[in-house]
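Structure file my_file_19.cif (mmCIF, C-alpha atoms and all ligand atoms) follows.
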data_input
loop_
_atom_site.label_atom_id
_atom_site.label_comp_id
_atom_site.auth_asym_id
_atom_site.auth_seq_id
_atom_site.Cartn_x
_atom_site.Cartn_y
_atom_site.Cartn_z
CA MET Z 1 135.86 76.20 114.38
CA SER Z 2 135.26 73.80 111.50
CA ALA Z 3 138.00 72.08 109.50
CA GLN Z 4 138.75 73.94 106.25
CA LYS Z 5 138.55 71.04 103.82
CA THR Z 6 137.43 71.53 100.22
CA PRO Z 7 133.63 71.29 100.34
CA ALA Z 8 132.00 68.53 98.28
CA PRO Z 9 129.63 69.97 95.67
CA ALA Z 10 126.06 70.08 97.06
CA SER Z 11 124.63 70.55 93.61
CA PRO Z 12 125.59 69.36 90.13
CA VAL Z 13 125.02 72.93 88.91
CA THR Z 14 127.88 75.45 89.09
CA HIS Z 15 127.18 78.44 91.37
CA ALA Z 16 124.42 76.63 93.24
CA THR Z 17 124.14 74.71 96.51
CA THR Z 18 120.80 72.97 96.10
CA THR Z 19 119.16 70.97 93.34
CA GLY Z 20 115.88 72.78 93.97
CA MET Z 21 112.70 72.50 95.99
CA THR Z 22 110.71 69.31 96.57
CA GLY Z 23 108.91 68.82 93.24
CA GLY Z 24 105.79 67.07 91.98
CA GLY Z 25 103.61 69.98 93.12
CA PHE Z 26 104.83 69.84 96.74
CA TYR Z 27 106.53 73.24 96.73
CA ASN Z 28 103.53 74.89 95.06
CA GLN Z 29 101.25 73.38 97.71
CA ASN Z 30 103.39 74.39 100.66
CA SER Z 31 104.57 77.91 99.87
CA THR Z 32 101.77 80.19 101.01
CA PRO Z 33 104.11 82.11 103.38
CA GLN Z 34 106.49 82.78 100.46
CA TRP Z 35 103.53 84.07 98.44
CA ASP Z 36 102.40 86.31 101.29
CA ALA Z 37 105.94 87.72 101.58
CA THR Z 38 105.99 88.31 97.81
CA ALA Z 39 102.52 89.87 97.66
CA ALA Z 40 103.52 92.40 100.34
CA VAL Z 41 105.92 94.16 97.95
CA LEU Z 42 104.10 93.83 94.62
CA GLU Z 43 102.64 97.33 94.72
CA HIS Z 44 106.21 98.57 94.19
CA LEU Z 45 106.56 96.33 91.16
CA GLU Z 46 103.32 97.69 89.72
CA ALA Z 47 104.56 101.25 90.22
CA ALA Z 48 107.86 100.24 88.57
CA ALA Z 49 105.93 98.89 85.55
CA ASP Z 50 104.01 102.17 85.32
CA ALA Z 51 107.24 104.18 85.30
CA LEU Z 52 109.27 101.86 83.04
CA PRO Z 53 110.70 103.45 79.86
CA ILE Z 54 109.11 101.38 77.07
CA ASP Z 55 109.80 103.34 73.88
CA GLY Z 56 111.26 101.18 71.14
CA ASN Z 57 110.56 97.92 69.38
CA GLY Z 58 110.61 94.26 70.21
CA PRO Z 59 109.39 92.55 73.36
CA VAL Z 60 109.23 94.12 76.79
CA CYS Z 61 110.86 91.43 78.86
CA LEU Z 62 110.32 90.46 82.52
CA ALA Z 63 112.34 87.69 84.20
CA ASP Z 64 111.84 86.06 87.58
CA PHE Z 65 114.92 84.30 89.01
CA GLY Z 66 114.36 81.33 91.37
CA CYS Z 67 110.82 80.61 90.15
CA SER Z 68 110.60 77.03 91.52
CA GLU Z 69 107.37 75.27 90.45
CA GLY Z 70 105.97 78.57 89.28
CA ARG Z 71 102.69 79.18 91.11
CA ASN Z 72 104.10 82.18 92.98
CA SER Z 73 106.21 83.30 90.02
CA ILE Z 74 103.21 83.52 87.68
CA ALA Z 75 101.11 85.31 90.30
CA ALA Z 76 103.89 87.82 90.95
CA LEU Z 77 104.66 88.65 87.32
CA SER Z 78 100.94 88.95 86.49
CA LYS Z 79 100.91 92.26 88.41
CA PRO Z 80 103.42 94.20 86.25
CA VAL Z 81 102.23 92.39 83.11
CA THR Z 82 98.69 93.69 83.70
CA ARG Z 83 100.07 97.24 83.98
CA LEU Z 84 102.29 96.89 80.90
CA VAL Z 85 99.66 95.55 78.49
CA ARG Z 86 97.64 98.70 79.22
CA ARG Z 87 100.62 100.89 78.30
CA THR Z 88 102.05 99.31 75.15
CA ASP Z 89 101.29 97.29 72.02
CA ARG Z 90 104.77 95.79 72.17
CA PRO Z 91 104.73 92.05 72.90
CA ILE Z 92 105.44 91.15 76.53
CA GLN Z 93 107.71 88.25 77.38
CA THR Z 94 107.86 86.61 80.79
CA ILE Z 95 110.86 84.43 81.58
CA HIS Z 96 110.78 82.07 84.55
CA SER Z 97 114.24 80.94 85.58
CA ASP Z 98 115.58 78.44 88.07
CA LEU Z 99 118.27 75.78 88.29
CA PRO Z 100 118.27 73.16 85.52
CA THR Z 101 117.62 70.56 88.26
CA ASN Z 102 114.43 72.39 89.34
CA ASP Z 103 111.13 70.59 88.66
CA PHE Z 104 109.70 72.87 85.95
CA SER Z 105 106.86 70.49 85.01
CA SER Z 106 104.03 72.22 86.96
CA LEU Z 107 105.18 75.58 85.61
CA LEU Z 108 105.28 74.36 82.01
CA ARG Z 109 101.79 72.93 82.37
CA SER Z 110 100.54 76.23 83.84
CA LEU Z 111 101.85 78.78 81.35
CA ARG Z 112 99.30 78.16 78.56
CA PRO Z 113 96.14 76.61 80.02
CA GLU Z 114 93.68 75.75 77.23
CA GLY Z 115 96.04 77.18 74.63
CA HIS Z 116 96.05 80.76 76.00
CA SER Z 117 98.60 82.69 78.01
CA VAL Z 118 98.03 82.32 81.74
CA PHE Z 119 98.55 86.10 81.89
CA GLY Z 120 95.20 86.59 80.15
CA HIS Z 121 96.41 88.53 77.13
CA PRO Z 122 97.28 87.22 73.62
CA ASN Z 123 100.33 89.46 73.34
CA VAL Z 124 102.10 87.85 76.32
CA TYR Z 125 104.63 85.07 75.62
CA SER Z 126 106.38 83.00 78.27
CA SER Z 127 109.47 80.86 78.47
CA VAL Z 128 111.66 79.00 80.91
CA VAL Z 129 115.42 79.33 81.36
CA GLY Z 130 117.55 76.92 83.38
CA GLY Z 131 120.71 78.21 85.04
CA SER Z 132 122.16 79.74 88.17
CA MET Z 133 120.93 83.24 88.94
CA TYR Z 134 124.57 84.07 89.80
CA ASP Z 135 125.40 83.78 86.09
CA GLN Z 136 124.30 85.96 83.20
CA LEU Z 137 121.43 84.00 81.65
CA LEU Z 138 119.91 86.48 79.19
CA PRO Z 139 121.42 88.61 76.40
CA ASP Z 140 122.92 92.03 77.13
CA ARG Z 141 120.31 94.78 77.48
CA SER Z 142 117.38 92.48 76.68
CA LEU Z 143 115.54 92.71 80.01
CA HIS Z 144 113.24 95.44 81.36
CA ILE Z 145 112.17 94.08 84.75
CA ALA Z 146 114.03 91.49 86.85
CA THR Z 147 112.62 89.97 90.04
CA THR Z 148 113.66 87.42 92.59
CA PHE Z 149 111.53 86.30 95.53
CA ASN Z 150 112.57 84.14 98.50
CA ALA Z 151 115.52 82.75 96.55
CA ILE Z 152 118.75 84.74 96.87
CA GLY Z 153 119.18 83.44 100.44
CA PHE Z 154 120.37 80.21 98.74
CA LEU Z 155 124.12 80.72 98.52
CA SER Z 156 126.18 80.27 95.36
CA ARG Z 157 128.61 77.90 97.07
CA LYS Z 158 129.50 76.46 100.46
CA PRO Z 159 132.10 78.77 102.01
CA ILE Z 160 133.23 76.13 104.52
CA ALA Z 161 133.10 72.34 104.45
CA THR Z 162 131.53 71.58 107.81
CA LEU Z 163 129.33 73.27 110.39
CA PRO Z 164 129.84 71.01 113.39
CA GLY Z 165 127.38 72.40 115.92
CA TYR Z 166 124.18 73.20 114.03
CA ILE Z 167 122.56 72.81 110.61
CA PHE Z 168 122.12 76.48 109.66
CA PRO Z 169 124.68 79.30 109.20
CA ASN Z 170 122.89 81.92 111.31
CA GLY Z 171 122.80 79.55 114.30
CA PRO Z 172 119.96 78.49 116.60
CA SER Z 173 117.25 80.75 118.00
CA ALA Z 174 117.59 82.29 121.45
CA VAL Z 175 114.44 80.39 122.49
CA ARG Z 176 115.76 76.92 121.63
CA ASN Z 177 119.52 77.56 121.72
CA ASN Z 178 120.20 73.96 120.67
CA GLY Z 179 123.61 74.24 119.08
CA PHE Z 180 126.36 76.63 118.07
CA VAL Z 181 127.95 78.31 115.06
CA SER Z 182 131.31 79.97 115.68
CA GLU Z 183 131.72 83.68 114.97
CA GLN Z 184 134.36 82.85 112.38
CA ASP Z 185 132.03 80.48 110.53
CA GLN Z 186 129.17 82.98 110.69
CA ALA Z 187 131.47 85.62 109.24
CA ALA Z 188 132.35 83.35 106.30
CA PHE Z 189 128.66 83.04 105.41
CA SER Z 190 127.96 86.74 105.92
CA LYS Z 191 130.86 87.64 103.63
CA LEU Z 192 129.70 85.24 100.92
CA ALA Z 193 126.11 86.51 101.23
CA ARG Z 194 127.39 90.04 100.45
CA GLN Z 195 129.46 88.78 97.52
CA ASP Z 196 126.45 86.86 96.18
CA ILE Z 197 124.36 90.04 96.07
CA ALA Z 198 127.11 91.78 94.10
CA THR Z 199 127.48 88.80 91.73
CA PHE Z 200 123.72 88.77 91.13
CA LEU Z 201 123.69 92.55 90.54
CA LYS Z 202 126.54 92.32 88.02
CA ALA Z 203 124.74 89.58 86.05
CA ARG Z 204 121.43 91.47 86.05
CA ALA Z 205 123.18 94.74 85.19
CA ARG Z 206 124.34 93.24 81.91
CA GLU Z 207 120.88 91.87 81.10
CA LEU Z 208 118.82 94.94 82.02
CA VAL Z 209 118.30 97.96 79.78
CA PRO Z 210 119.30 101.34 81.29
CA GLY Z 211 116.33 102.46 83.40
CA GLY Z 212 115.23 98.83 83.85
CA LYS Z 213 113.95 97.76 87.25
CA LEU Z 214 115.11 95.08 89.69
CA LEU Z 215 113.06 93.90 92.66
CA LEU Z 216 115.24 91.92 95.04
CA GLN Z 217 113.23 90.26 97.83
CA VAL Z 218 114.18 87.50 100.23
CA PHE Z 219 113.50 86.03 103.68
CA GLY Z 220 115.81 87.50 106.31
CA ALA Z 221 116.37 88.80 109.81
CA ASN Z 222 115.77 91.91 111.91
CA GLU Z 223 116.76 92.89 115.47
CA THR Z 224 114.08 90.67 117.05
CA ALA Z 225 113.83 87.55 114.91
CA SER Z 226 115.13 85.59 111.97
CA THR Z 227 113.17 83.49 109.49
CA CYS Z 228 115.38 80.54 110.40
CA ASP Z 229 114.22 80.50 114.05
CA GLY Z 230 111.97 77.58 114.90
CA ILE Z 231 112.10 75.73 111.59
CA TYR Z 232 115.81 74.91 111.64
CA ASP Z 233 115.79 74.34 115.42
CA LEU Z 234 113.17 71.69 114.76
CA LEU Z 235 114.97 70.13 111.81
CA ASN Z 236 118.22 70.13 113.82
CA ASP Z 237 116.50 68.39 116.75
CA ALA Z 238 114.93 65.82 114.42
CA VAL Z 239 118.25 65.05 112.70
CA LEU Z 240 120.03 64.76 116.06
CA CYS Z 241 117.57 62.04 117.14
CA PHE Z 242 119.00 59.92 114.31
CA VAL Z 243 122.58 60.84 115.21
CA GLU Z 244 121.87 59.65 118.75
CA ASP Z 245 120.43 56.29 117.61
CA GLY Z 246 123.39 55.75 115.21
CA SER Z 247 121.43 56.04 111.94
CA ILE Z 248 123.43 59.17 111.04
CA SER Z 249 127.15 59.36 111.82
CA GLN Z 250 128.68 62.35 113.59
CA ASP Z 251 130.76 63.07 110.44
CA VAL Z 252 127.66 63.18 108.26
CA TYR Z 253 125.94 65.48 110.77
CA GLU Z 254 128.92 67.86 110.83
CA ALA Z 255 129.11 68.03 107.04
CA TYR Z 256 125.37 68.64 106.68
CA PHE Z 257 124.02 72.17 106.76
CA GLN Z 258 121.50 74.11 104.74
CA PRO Z 259 123.60 76.52 102.61
CA VAL Z 260 121.20 79.41 103.08
CA TYR Z 261 121.76 82.74 104.83
CA MET Z 262 119.30 85.11 106.53
CA ARG Z 263 120.24 88.69 105.65
CA THR Z 264 119.41 91.90 107.41
CA LEU Z 265 118.27 94.80 105.26
CA GLU Z 266 121.79 96.26 105.47
CA GLU Z 267 123.26 92.98 104.22
CA LEU Z 268 120.86 93.13 101.27
CA THR Z 269 121.41 96.77 100.30
CA GLY Z 270 125.03 97.39 101.46
CA PRO Z 271 126.59 95.58 98.46
CA VAL Z 272 124.73 97.87 96.03
CA ASN Z 273 127.10 100.74 96.87
CA ASP Z 274 130.14 98.91 98.28
CA PRO Z 275 133.11 99.66 95.98
CA ALA Z 276 134.97 96.58 97.28
CA LEU Z 277 132.39 94.20 95.76
CA GLY Z 278 132.48 95.51 92.20
CA ALA Z 279 128.79 96.32 91.71
CA ALA Z 280 128.80 99.93 92.94
CA GLY Z 281 127.16 102.35 90.53
CA LEU Z 282 125.23 99.74 88.56
CA PHE Z 283 121.96 100.29 90.41
CA GLN Z 284 120.27 103.08 92.30
CA ILE Z 285 118.04 102.03 95.18
CA ASP Z 286 114.52 103.47 94.83
CA TYR Z 287 113.02 101.83 97.88
CA ALA Z 288 114.13 99.37 100.57
CA ILE Z 289 112.19 97.74 103.38
CA SER Z 290 112.43 95.16 106.15
CA TYR Z 291 109.04 93.73 107.01
CA GLU Z 292 107.23 90.83 108.65
CA ILE Z 293 104.23 88.91 107.35
CA PRO Z 294 101.71 86.95 109.41
CA VAL Z 295 102.33 83.21 108.88
CA SER Z 296 99.26 81.41 107.52
CA PHE Z 297 99.73 78.18 109.52
CA ASN Z 298 100.33 80.13 112.76
CA GLN Z 299 97.13 82.08 112.16
CA ARG Z 300 95.11 78.90 111.48
CA PHE Z 301 96.50 77.27 114.63
CA SER Z 302 95.60 80.33 116.74
CA ALA Z 303 92.09 80.39 115.28
CA VAL Z 304 91.26 76.67 115.19
CA GLY Z 305 93.75 75.03 117.58
CA ASP Z 306 94.23 71.93 115.39
CA LEU Z 307 97.70 70.73 116.47
CA ASP Z 308 97.85 67.90 113.90
CA ALA Z 309 97.15 70.28 111.03
CA TYR Z 310 99.58 72.86 112.43
CA ALA Z 311 102.43 70.32 112.73
CA ARG Z 312 101.79 68.94 109.25
CA ASP Z 313 101.62 72.38 107.59
CA TYR Z 314 104.65 73.72 109.50
CA VAL Z 315 106.83 70.70 108.65
CA ASN Z 316 105.65 70.47 105.01
CA PHE Z 317 106.45 74.18 104.65
CA PHE Z 318 110.13 73.70 105.55
CA ARG Z 319 110.38 70.24 104.01
CA ALA Z 320 109.66 71.80 100.61
CA PHE Z 321 112.87 73.87 100.69
CA THR Z 322 115.18 71.69 102.83
CA GLU Z 323 114.58 68.16 101.57
CA ALA Z 324 116.88 68.15 98.54
CA VAL Z 325 119.91 69.36 100.51
CA LEU Z 326 119.19 67.01 103.41
CA ARG Z 327 118.84 64.00 101.09
CA ASN Z 328 122.08 64.85 99.26
CA ALA Z 329 123.91 65.12 102.60
CA LEU Z 330 122.95 61.57 103.64
CA PRO Z 331 124.83 58.49 102.39
CA ALA Z 332 123.36 57.36 99.06
CA ASN Z 333 122.21 53.88 100.14
CA ASP Z 334 118.97 51.87 100.21
CA GLN Z 335 118.01 53.41 103.56
CA ARG Z 336 118.23 57.02 102.45
CA ASP Z 337 114.63 57.63 101.33
CA THR Z 338 113.27 55.95 104.45
CA LEU Z 339 115.58 58.00 106.66
CA VAL Z 340 114.43 61.25 105.02
CA GLU Z 341 110.79 60.27 105.68
CA GLN Z 342 111.64 59.38 109.27
CA ILE Z 343 113.38 62.71 109.90
CA TYR Z 344 110.38 64.78 108.79
CA GLU Z 345 108.02 62.44 110.67
CA LYS Z 346 110.17 62.92 113.78
CA ALA Z 347 109.93 66.69 113.29
CA ILE Z 348 106.14 66.43 113.32
CA GLN Z 349 106.27 64.40 116.55
CA LEU Z 350 108.66 66.85 118.25
CA LEU Z 351 106.58 69.85 117.23
CA LYS Z 352 103.35 68.27 118.49
CA ALA Z 353 105.01 67.39 121.78
CA SER Z 354 106.40 70.92 122.37
CA PRO Z 355 104.97 73.54 120.00
CA ASP Z 356 106.20 76.38 122.26
CA LEU Z 357 109.84 75.37 121.64
CA TYR Z 358 109.65 76.22 117.94
CA PRO Z 359 107.96 79.59 117.34
CA PHE Z 360 108.30 80.65 113.70
CA ARG Z 361 108.13 84.19 112.26
CA TYR Z 362 108.60 85.31 108.65
CA ILE Z 363 110.85 88.36 108.34
CA ALA Z 364 111.68 89.56 104.83
CA VAL Z 365 113.82 92.23 103.23
CA ALA Z 366 113.35 93.83 99.83
CA ALA Z 367 114.78 96.55 97.62
CA LEU Z 368 113.51 98.01 94.37
CA MET Z 369 116.31 99.37 92.18
CA THR Z 370 116.81 101.07 88.85
CA ARG Z 371 119.61 100.10 86.46
CA THR Z 372 121.71 103.21 86.01
CA ARG Z 373 123.12 104.34 82.66
CA ASN Z 374 126.73 103.43 83.71
C1 LIG F 401 112.16 79.06 98.33
S1 LIG F 401 112.16 78.89 96.61
C2 LIG F 401 111.35 80.37 96.09
C3 LIG F 401 110.45 80.12 94.91
C4 LIG F 401 109.58 81.30 94.51
N1 LIG F 401 110.39 82.41 94.05
C5 LIG F 401 108.70 81.72 95.66
O1 LIG F 401 108.90 82.82 96.19
O2 LIG F 401 107.82 80.95 96.03
C6 LIG F 401 113.85 79.22 96.17
C7 LIG F 401 114.18 78.91 94.73
O3 LIG F 401 115.48 79.39 94.44
C8 LIG F 401 116.09 78.44 93.59
N2 LIG F 401 117.53 78.60 93.62
C9 LIG F 401 118.39 78.30 94.62
N3 LIG F 401 119.66 78.58 94.24
C10 LIG F 401 119.57 79.07 92.99
C11 LIG F 401 120.55 79.54 92.04
N4 LIG F 401 121.85 79.55 92.33
N5 LIG F 401 120.10 79.97 90.84
C12 LIG F 401 118.78 79.95 90.53
N6 LIG F 401 117.82 79.53 91.38
C13 LIG F 401 118.22 79.09 92.59
C14 LIG F 401 115.64 77.10 94.11
O4 LIG F 401 115.79 76.09 93.15
C15 LIG F 401 114.18 77.42 94.43
O5 LIG F 401 113.34 77.12 93.36
#
So that I can check it, write out the structure of this file as structure tokens.
Amino acid sequence: MSAQKTPAPASPVTHATTTGMTGGGFYNQNSTPQWDATAAVLEHLEAAADALPIDGNGPVCLADFGCSEGRNSIAALSKPVTRLVRRTDRPIQTIHSDLPTNDFSSLLRSLRPEGHSVFGHPNVYSSVVGGSMYDQLLPDRSLHIATTFNAIGFLSRKPIATLPGYIFPNGPSAVRNNGFVSEQDQAAFSKLARQDIATFLKARARELVPGGKLLLQVFGANETASTCDGIYDLLNDAVLCFVEDGSISQDVYEAYFQPVYMRTLEELTGPVNDPALGAAGLFQIDYAISYEIPVSFNQRFSAVGDLDAYARDYVNFFRAFTEAVLRNALPANDQRDTLVEQIYEKAIQLLKASPDLYPFRYIAVAALMTRTRN
């Protein structure tokens, strides 16, 4: 079991444990699996837009929480926006929200290409809001559709200070089995993951109008696999190479973990009706699903067999969402940037040497909900 010290903040933003994804266009370029996982549930968002009560005045407002650099966020919201502009003359507002430390620059450049809304309609207006999705960020009853994709797995805080045997709360895969997380530590993360859903629901419940829709989607786990398998085994192995050669101390290794949790469908939907968590009655679940998407870089590797391209795409994929936390966990000295480069380069080498050790599958869970009139 890990020592229960007060965790150091992993992010300068309250109710957050990362500063965001790797910026400068890197996340946009390396997030095709996240898009594929998002696209798989968009038909439900379109149906929600068709059924949305939109009598009244003022803008019909859609907000996406955890938008990152925005490529996937714009593509996702374009589906309900297209349905809504057919139904109403009311202005439509899209809000793209992420942590204030997120790199919003690609998104800001994308929202009005050539002076027109990227959503292809003059009555659509877009804006950006910085803040933690675990806080209320929009006025009471101002929002009609809320979404979050591949984001609520990022926990609001670190529930324990150290994770001595592995770098990810759910533990290593059965295939690689290269570390350990105690049951007690796993339980601390599972408990917080449930609380985080309730906290998110309470914030969105204030923002949404009665009858408003919430689509909650995130990477997760089922009985056969978890979306952490493979990628975190590889990152763990790469980091341990630098612990072994003395570049990273044992203390730094034990204090470093990615504060992300892979939920089952029950862990996603249970908090919606759990009276102990304080969000029961705020939402009614319309639809819930656990699903798996084919992974684009796995498919390319199967078809073409290019190991170099596979290793680069696989490592860039997880680098985009792990780099900020890894960098912040390492001592802030002149060597830090070089060490980060070396760790991801080592991951590429390890994967090329033994691709069968690190199979990766993308499991996701999602629920579409309606804000009740409570
Ligand atoms: C893997 S990216 C997903 C981006 C996009 N939704 C997609 O599906 O491609 C996760 C995003 O969640 C954001 N995030 C993490 N913790 C957050 C928090 N507490 N509040 C708001 N956003 C958060 C990160 O900054 C990051 O941009």
Would you mind listing, for every residue of chain Z within 7 Å of ligand LIG 401 (chain F), the two atoms forming the shortest contact and the distance between them in Å to one decimal, using all atoms listed in the file, sorted by chain and ascending residue number, as a Markdown table?
| residue | atom | partner | partner_atom | distance |
| --- | --- | --- | --- | --- |
| Z:His15 | CA | F:LIG401 | N4 | 5.5 |
| Z:Ala16 | CA | F:LIG401 | N4 | 4.0 |
| Z:Thr17 | CA | F:LIG401 | N3 | 6.3 |
| Z:Thr18 | CA | F:LIG401 | N3 | 6.0 |
| Z:Thr19 | CA | F:LIG401 | O4 | 6.1 |
| Z:Gly20 | CA | F:LIG401 | O4 | 3.4 |
| Z:Met21 | CA | F:LIG401 | O5 | 5.4 |
| Z:Ser31 | CA | F:LIG401 | O2 | 5.9 |
| Z:Gln34 | CA | F:LIG401 | O1 | 4.9 |
| Z:Trp35 | CA | F:LIG401 | O2 | 5.8 |
| Z:Thr38 | CA | F:LIG401 | O1 | 6.4 |
| Z:Phe65 | CA | F:LIG401 | C12 | 6.0 |
| Z:Gly66 | CA | F:LIG401 | O3 | 3.8 |
| Z:Cys67 | CA | F:LIG401 | N1 | 4.3 |
| Z:Ser68 | CA | F:LIG401 | O5 | 3.3 |
| Z:Glu69 | CA | F:LIG401 | O5 | 6.9 |
| Z:Gly70 | CA | F:LIG401 | C4 | 6.9 |
| Z:Asn72 | CA | F:LIG401 | O2 | 5.0 |
| Z:Ser73 | CA | F:LIG401 | N1 | 5.9 |
| Z:Ser97 | CA | F:LIG401 | C12 | 6.8 |
| Z:Asp98 | CA | F:LIG401 | N6 | 4.1 |
| Z:Leu99 | CA | F:LIG401 | C12 | 4.8 |
| Z:Asn102 | CA | F:LIG401 | O4 | 5.5 |
| Z:Gly131 | CA | F:LIG401 | C12 | 6.1 |
| Z:Ser132 | CA | F:LIG401 | N5 | 3.4 |
| Z:Met133 | CA | F:LIG401 | N5 | 3.9 |
| Z:Tyr134 | CA | F:LIG401 | N4 | 5.9 |
| Z:Thr148 | CA | F:LIG401 | N1 | 6.2 |
| Z:Phe149 | CA | F:LIG401 | N1 | 4.3 |
| Z:Asn150 | CA | F:LIG401 | O1 | 4.5 |
| Z:Ala151 | CA | F:LIG401 | C6 | 3.9 |
| Z:Ile152 | CA | F:LIG401 | O3 | 6.7 |
| Z:Phe154 | CA | F:LIG401 | N3 | 4.8 |
| Z:Leu155 | CA | F:LIG401 | N3 | 6.5 |
| Z:Ser156 | CA | F:LIG401 | N4 | 5.3 |
| Z:Phe321 | CA | F:LIG401 | C1 | 5.7 |
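Nearest residue to Tyr256 (chain Z) among Z:Val218, Z:Ile54, Z:Val243, Z:Val60 is Z:Val243, counting all atoms listed in the file.
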Can you report as AutoDock Vina command-line options the centre and edge lengths in Å, to one decimal, of an axis-aligned box around the listed atoms of region 246-255 of chain Z padded with 6 Å on each side?
--center_x 126.1 --center_y 61.9 --center_z 111.1 --size_x 21.3 --size_y 24.3 --size_z 20.2
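Closest to Arg327 (chain Z) among Z:Thr22, Z:Ala198, Z:Arg300, Z:Asp286 is Z:Thr22, based on all atoms listed in the file.
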Item to check | CA of Gly230 (chain Z) to CA of Asp251 (chain Z), straight-line distance in Å | outcome: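 We find that CA of Asp251 (chain Z) and CA of Gly230 (chain Z) lie 24.2 Å from each other.
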Next on the checklist: Give me, as an MDAnalysis selection string, all polymer residues having an atom no more than 9 Å from Phe219 (chain Z), counting all atoms listed in the file and skipping those fewer than 2 positions away in the same chain.
Outcome noted: chainID Z and resid 34 37 149:153 217 221 226:228 261:263 362:366
Checklist entry - So how far away is CA of Leu52 (chain Z) from CA of Val209 (chain Z), in Å? => result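 One can read the CA of Val209 (chain Z) to CA of Leu52 (chain Z) distance as 10.4 Å.
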Checklist entry - Residues at most 8 Å from Pro33 (chain Z), counting only C-alpha atoms, excluding those fewer than 6 positions away in the same chain, as a list in words? => result Ile293, Val295, Ser296 and Tyr362 of chain Z
Checklist outcome for this item: Closest of Z:Pro359, Z:Gly220, Z:Pro164, Z:Pro172 to Tyr253 (chain Z), counting only C-alpha atoms, is Z:Pro164
Checklist entry - Mind pulling up the distance from CA of Asp64 (chain Z) to CA of Val129 (chain Z)? => result 9.8 Å
Item to check | Selected residue, from Z:Val85, Z:Ala203, Z:Ala353, Z:Ile74, that lies nearest to Gly278 (chain Z) when counting all atoms listed in the file | outcome: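 Using all atoms listed in the file, the shortest distance to Gly278 (chain Z) belongs to Z:Ala203.
Residue neighbourhood of Pro139 (chain Z), excluding near-sequence residues (fewer than 6 positions): Arg206, Glu207 and Leu208 of chain Z, at 10 Å, using only C-alpha atoms.
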Item to check | Proximity to Glu345 (chain Z) - best of Z:Arg312, Z:Arg71, Z:Arg141, Z:Arg176, all atoms listed in the file | outcome: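 Of Z:Arg312, Z:Arg71, Z:Arg141, Z:Arg176, the one nearest Glu345 (chain Z) is Z:Arg312, counting all atoms listed in the file.
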Item to check | Proximity to Val81 (chain Z) - best of Z:Ala225, Z:Leu368, Z:Val118, Z:Ala187, all atoms listed in the file | outcome: Z:Val118
